Amino acid sequence: MDKLRVTPKDFFLWAGAMISFYVSVFSFLALFFDYIDVAFPDSLNPYVDPYSSTIRFSIASLIVLFPVFLLLMYFIRRDIIAQREKMNLWVRRWALVLTIFVAGATLVTDLIVLVNTYLNGDITTHFVLKVLIVFLVMAAGLMHFLADMWGYWDENPRYLHYVAGAVGVLVVSTIVGGVFIIGTPAQVRMYRFDDQKVSDLQMIQSEIVSYWQSEGKLPANLSDLNDSINGFTVPTDAQDGSQYDYSVQGTTTFQLCANFNAPTQPDSPTLNQYSAPLPAGASGVDLSQESWYHGEGKVCFARTIDPKRYPPYPTAVKQ
């Protein structure tokens with residue numbers, strides 16, 4: 001039997017340390033998997049998360065929970081140094097054995113999933129790199145906690161500090177790599193503003209076409225599109241509250257303009273998937289009738305309504 005009773009403090013220190021450790025490891029693996037997918041895109045899986053939500057969540061989890069794990073383990077080891085009997089607490093033994101079991105089970109499960117994915121046609125580079133990452137991370141976890149059970153770290157605390165420092169550097173480097181991929185929070189906000197502007201212009205364009213179909217002419221101003229019956233109000237630029245530029249170019253031709261913070265991002269959710277690829281060096285000009293690609297600065301999109309595709313309603317007044 002344990003010489004010391006397990007106090008609520010002991011239990012929750014170990015429970016918090018293990019939970020934060022598990023989530024940190026899974027977030028670390030998820031980050032590396034995302035990095036591999038970004039570095040080696042698969043043409044059979046063209047969808048790209050426009051705002052890299054999985055990368056952002058993994059980074060946030062690591063930033064918060066990995067320091068929590070280190071802090072809780074510091075308190076646990078401080079208690080063990082003060083009272084050596086705490087090495088034999090049942091909660092410590094169970095936490096270490098459970099962690100070793102989870103690491104082993106996760107290693108086997110992930111390998112099964114990865115092999116199945118490979119057999120389903122995943123590219124070889126993906127398979128090799130992901131298997132390697134899972135093996136290295138889980139093997140390191142197994143070795144660390146086995147060493148803890150055998151008392152190695154208590155006999156060699158200096159080596160434990162070296163390992164903790166190396167792991168900390170690796171985690172920080174991984175987080176920094178994620179920031180380079182998704183951009184800084186300020187950059188991401190600018191990209192979201194640009195996506196909102198394109199979405200607004202798409203909505204306005206749709207309303208202009210509907211107005212032309214029903215009235216037989218283009219609206220003189222965007223304010224003509226406001227309709228209290230259907231509840232439509234012309235959106236304004238969410239970034240600065242300004243009105244979008246609109247001008248009539250002909251009986252069926254008009255132009256919409258907006259100021260953008262950056263060129264179109266490859267994974268922008270507002271792009272028409274049928275649009276032609278963005279030509280090299282194109283910036284600040286409209287590229288095609290169907291395209292919403294844009295450069296940085298003021299960009300205008302010229303549109304011409306095709307009466308065959310959008311025939312006027314029978315009641316439309318012809319001008």
# chains A, B, ... in the order shown; residues from 1 in each chain; ligands from 1
>>> residues_around(residues="Asp224 in chain A", least_positions_apart="5", cutoff="12 Å", atoms="only C-alpha atoms", output="PDB file with C-alpha atoms, in the first residue's frame")
ATOM      1  CA  ILE A 204     -24.342  43.261 -55.526  1.00  0.00           C
ATOM      2  CA  GLU A 207     -28.926  42.137 -57.453  1.00  0.00           C
ATOM      3  CA  ILE A 208     -27.897  44.297 -60.433  1.00  0.00           C
ATOM      4  CA  SER A 210     -32.091  40.909 -61.145  1.00  0.00           C
ATOM      5  CA  TYR A 211     -32.796  44.652 -61.356  1.00  0.00           C
ATOM      6  CA  TRP A 212     -31.955  44.678 -65.081  1.00  0.00           C
ATOM      7  CA  GLU A 215     -36.679  46.932 -64.917  1.00  0.00           C
ATOM      8  CA  LYS A 217     -32.267  48.830 -67.444  1.00  0.00           C
ATOM      9  CA  LEU A 218     -29.293  49.037 -65.131  1.00  0.00           C
ATOM     10  CA  PRO A 219     -29.663  50.907 -61.840  1.00  0.00           C
ATOM     11  CA  PHE A 232     -31.976  43.841 -49.236  1.00  0.00           C
ATOM     12  CA  THR A 233     -29.603  46.675 -48.375  1.00  0.00           C
ATOM     13  CA  VAL A 234     -26.492  47.320 -50.417  1.00  0.00           C
ATOM     14  CA  TYR A 246     -20.250  51.360 -59.269  1.00  0.00           C
TER      15      TYR A 246
END
>>> closest_atom_pairs(of="range 51-81 of chain A", to="range 131-151 of chain A", cutoff="12 Å", atoms="only C-alpha atoms", output="JSON lines")
{"residue": "A:Met73", "atom": "CA", "partner": "A:Asp148", "partner_atom": "CA", "distance": 11.8}
{"residue": "A:Arg77", "atom": "CA", "partner": "A:Asp148", "partner_atom": "CA", "distance": 10.9}
{"residue": "A:Ile80", "atom": "CA", "partner": "A:Gly151", "partner_atom": "CA", "distance": 11.6}
>>> atom_distance(atom1="CA of Phe193 in chain A", atom2="CA of Ala60 in chain A")
22.1 Å
>>> closest_residue(among="A:Ser199, A:Thr236, A:Asn221, A:Asn261", to="Val248 in chain A", atoms="only C-alpha atoms")
A:Asn221
>>> select_by_dssp(residues="range 71-263 of chain A", states="strand (DSSP E or B)", output="list in words")
Asp227, Phe232, Asp245, Tyr246, Ser247, Val248, Thr253, Phe254, Gln255, Leu256, Cys257, Ala258, Asn259 and Phe260 of chain A
>>> residues_around(residues="range 182-188 of chain A", least_positions_apart="3", cutoff="9 Å", atoms="only C-alpha atoms", output="PyMOL selection string")
chain A and resi 51-52+55-56+177-179+191-193
>>> write_last_selection(atoms="N, CA and C atoms", output="JSON list (two decimals), in the first residue's frame")
[["chain", "number", "residue", "atom", "x", "y", "z"],
["A", 51, "TYR", "N", -9.21, 29.21, -44.35],
["A", 51, "TYR", "CA", -8.64, 29.95, -43.23],
["A", 51, "TYR", "C", -7.77, 29.07, -42.34],
["A", 52, "SER", "N", -7.38, 27.89, -42.86],
["A", 52, "SER", "CA", -6.47, 26.99, -42.14],
["A", 52, "SER", "C", -6.93, 26.78, -40.71],
["A", 55, "ILE", "N", -5.04, 24.12, -38.65],
["A", 55, "ILE", "CA", -3.71, 24.58, -38.26],
["A", 55, "ILE", "C", -3.81, 25.58, -37.11],
["A", 56, "ARG", "N", -4.74, 26.53, -37.22],
["A", 56, "ARG", "CA", -4.89, 27.53, -36.17],
["A", 56, "ARG", "C", -5.28, 26.89, -34.84],
["A", 177, "GLY", "N", 6.57, 27.73, -37.68],
["A", 177, "GLY", "CA", 6.33, 27.25, -39.04],
["A", 177, "GLY", "C", 4.88, 27.39, -39.44],
["A", 178, "GLY", "N", 3.97, 27.14, -38.50],
["A", 178, "GLY", "CA", 2.55, 27.30, -38.80],
["A", 178, "GLY", "C", 2.18, 28.74, -39.08],
["A", 179, "VAL", "N", 2.79, 29.67, -38.34],
["A", 179, "VAL", "CA", 2.52, 31.10, -38.58],
["A", 179, "VAL", "C", 2.97, 31.51, -39.98],
["A", 191, "TYR", "N", -6.83, 39.30, -45.16],
["A", 191, "TYR", "CA", -7.35, 38.36, -46.16],
["A", 191, "TYR", "C", -8.86, 38.16, -45.99],
["A", 192, "ARG", "N", -9.31, 38.13, -44.74],
["A", 192, "ARG", "CA", -10.75, 37.94, -44.49],
["A", 192, "ARG", "C", -11.54, 39.17, -44.95],
["A", 193, "PHE", "N", -10.97, 40.35, -44.75],
["A", 193, "PHE", "CA", -11.62, 41.55, -45.26],
["A", 193, "PHE", "C", -11.75, 41.47, -46.78]]
>>> decode(residues="range 106-139 of chain A", atoms="N, CA and C atoms", output="compact mmCIF listing (two decimals), in the first residue's frame")
# COMPACT_ATOMS: atom_id res chain seq x y z
N THR A 106 -2.15 4.44 -29.78
CA THR A 106 -2.22 5.47 -30.81
C THR A 106 -1.26 5.17 -31.95
N LEU A 107 -0.08 4.70 -31.60
CA LEU A 107 0.90 4.34 -32.63
C LEU A 107 0.35 3.27 -33.56
N VAL A 108 -0.23 2.21 -32.97
CA VAL A 108 -0.78 1.13 -33.79
C VAL A 108 -1.97 1.62 -34.62
N THR A 109 -2.87 2.40 -33.99
CA THR A 109 -4.05 2.89 -34.70
C THR A 109 -3.67 3.81 -35.85
N ASP A 110 -2.76 4.75 -35.60
CA ASP A 110 -2.35 5.68 -36.65
C ASP A 110 -1.67 4.96 -37.80
N LEU A 111 -0.87 3.96 -37.48
CA LEU A 111 -0.22 3.21 -38.54
C LEU A 111 -1.25 2.47 -39.40
N ILE A 112 -2.28 1.91 -38.75
CA ILE A 112 -3.34 1.23 -39.50
C ILE A 112 -4.04 2.22 -40.43
N VAL A 113 -4.38 3.41 -39.89
CA VAL A 113 -5.06 4.42 -40.70
C VAL A 113 -4.19 4.88 -41.85
N LEU A 114 -2.92 5.11 -41.58
CA LEU A 114 -2.02 5.60 -42.62
C LEU A 114 -1.79 4.54 -43.70
N VAL A 115 -1.64 3.28 -43.28
CA VAL A 115 -1.48 2.22 -44.27
C VAL A 115 -2.73 2.09 -45.11
N ASN A 116 -3.91 2.17 -44.49
CA ASN A 116 -5.16 2.11 -45.23
C ASN A 116 -5.27 3.26 -46.22
N THR A 117 -4.84 4.45 -45.79
CA THR A 117 -4.87 5.61 -46.68
C THR A 117 -3.92 5.41 -47.86
N TYR A 118 -2.76 4.86 -47.57
CA TYR A 118 -1.80 4.59 -48.64
C TYR A 118 -2.36 3.58 -49.64
N LEU A 119 -2.99 2.52 -49.14
CA LEU A 119 -3.57 1.52 -50.02
C LEU A 119 -4.73 2.08 -50.83
N ASN A 120 -5.32 3.17 -50.32
CA ASN A 120 -6.41 3.82 -51.04
C ASN A 120 -5.90 4.78 -52.10
N GLY A 121 -4.58 4.87 -52.26
CA GLY A 121 -4.02 5.69 -53.33
C GLY A 121 -3.34 6.95 -52.87
N ASP A 122 -3.14 7.14 -51.55
CA ASP A 122 -2.42 8.32 -51.07
C ASP A 122 -1.00 8.30 -51.63
N ILE A 123 -0.47 9.49 -51.91
CA ILE A 123 0.85 9.55 -52.54
C ILE A 123 1.91 9.07 -51.56
N THR A 124 2.95 8.46 -52.09
CA THR A 124 3.97 7.80 -51.28
C THR A 124 4.65 8.77 -50.31
N THR A 125 4.92 10.00 -50.76
CA THR A 125 5.59 10.97 -49.89
C THR A 125 4.77 11.24 -48.64
N HIS A 126 3.45 11.42 -48.82
CA HIS A 126 2.57 11.61 -47.67
C HIS A 126 2.71 10.44 -46.70
N PHE A 127 2.60 9.25 -47.24
CA PHE A 127 2.61 8.05 -46.41
C PHE A 127 3.91 7.94 -45.61
N VAL A 128 5.03 8.06 -46.27
CA VAL A 128 6.33 7.88 -45.62
C VAL A 128 6.54 8.94 -44.53
N LEU A 129 6.27 10.19 -44.84
CA LEU A 129 6.51 11.27 -43.88
C LEU A 129 5.59 11.17 -42.68
N LYS A 130 4.32 10.86 -42.91
CA LYS A 130 3.37 10.77 -41.79
C LYS A 130 3.67 9.58 -40.90
N VAL A 131 4.01 8.44 -41.50
CA VAL A 131 4.39 7.28 -40.69
C VAL A 131 5.64 7.60 -39.87
N LEU A 132 6.59 8.28 -40.49
CA LEU A 132 7.83 8.62 -39.79
C LEU A 132 7.56 9.54 -38.60
N ILE A 133 6.71 10.55 -38.80
CA ILE A 133 6.40 11.49 -37.73
C ILE A 133 5.69 10.78 -36.58
N VAL A 134 4.69 9.96 -36.90
CA VAL A 134 3.96 9.23 -35.85
C VAL A 134 4.91 8.33 -35.08
N PHE A 135 5.75 7.61 -35.80
CA PHE A 135 6.69 6.69 -35.14
C PHE A 135 7.64 7.44 -34.21
N LEU A 136 8.22 8.53 -34.67
CA LEU A 136 9.18 9.27 -33.86
C LEU A 136 8.53 9.87 -32.61
N VAL A 137 7.36 10.47 -32.78
CA VAL A 137 6.70 11.12 -31.65
C VAL A 137 6.26 10.10 -30.61
N MET A 138 5.60 9.02 -31.06
CA MET A 138 5.12 8.02 -30.12
C MET A 138 6.28 7.26 -29.47
N ALA A 139 7.30 6.96 -30.26
CA ALA A 139 8.46 6.27 -29.68
C ALA A 139 9.13 7.13 -28.62
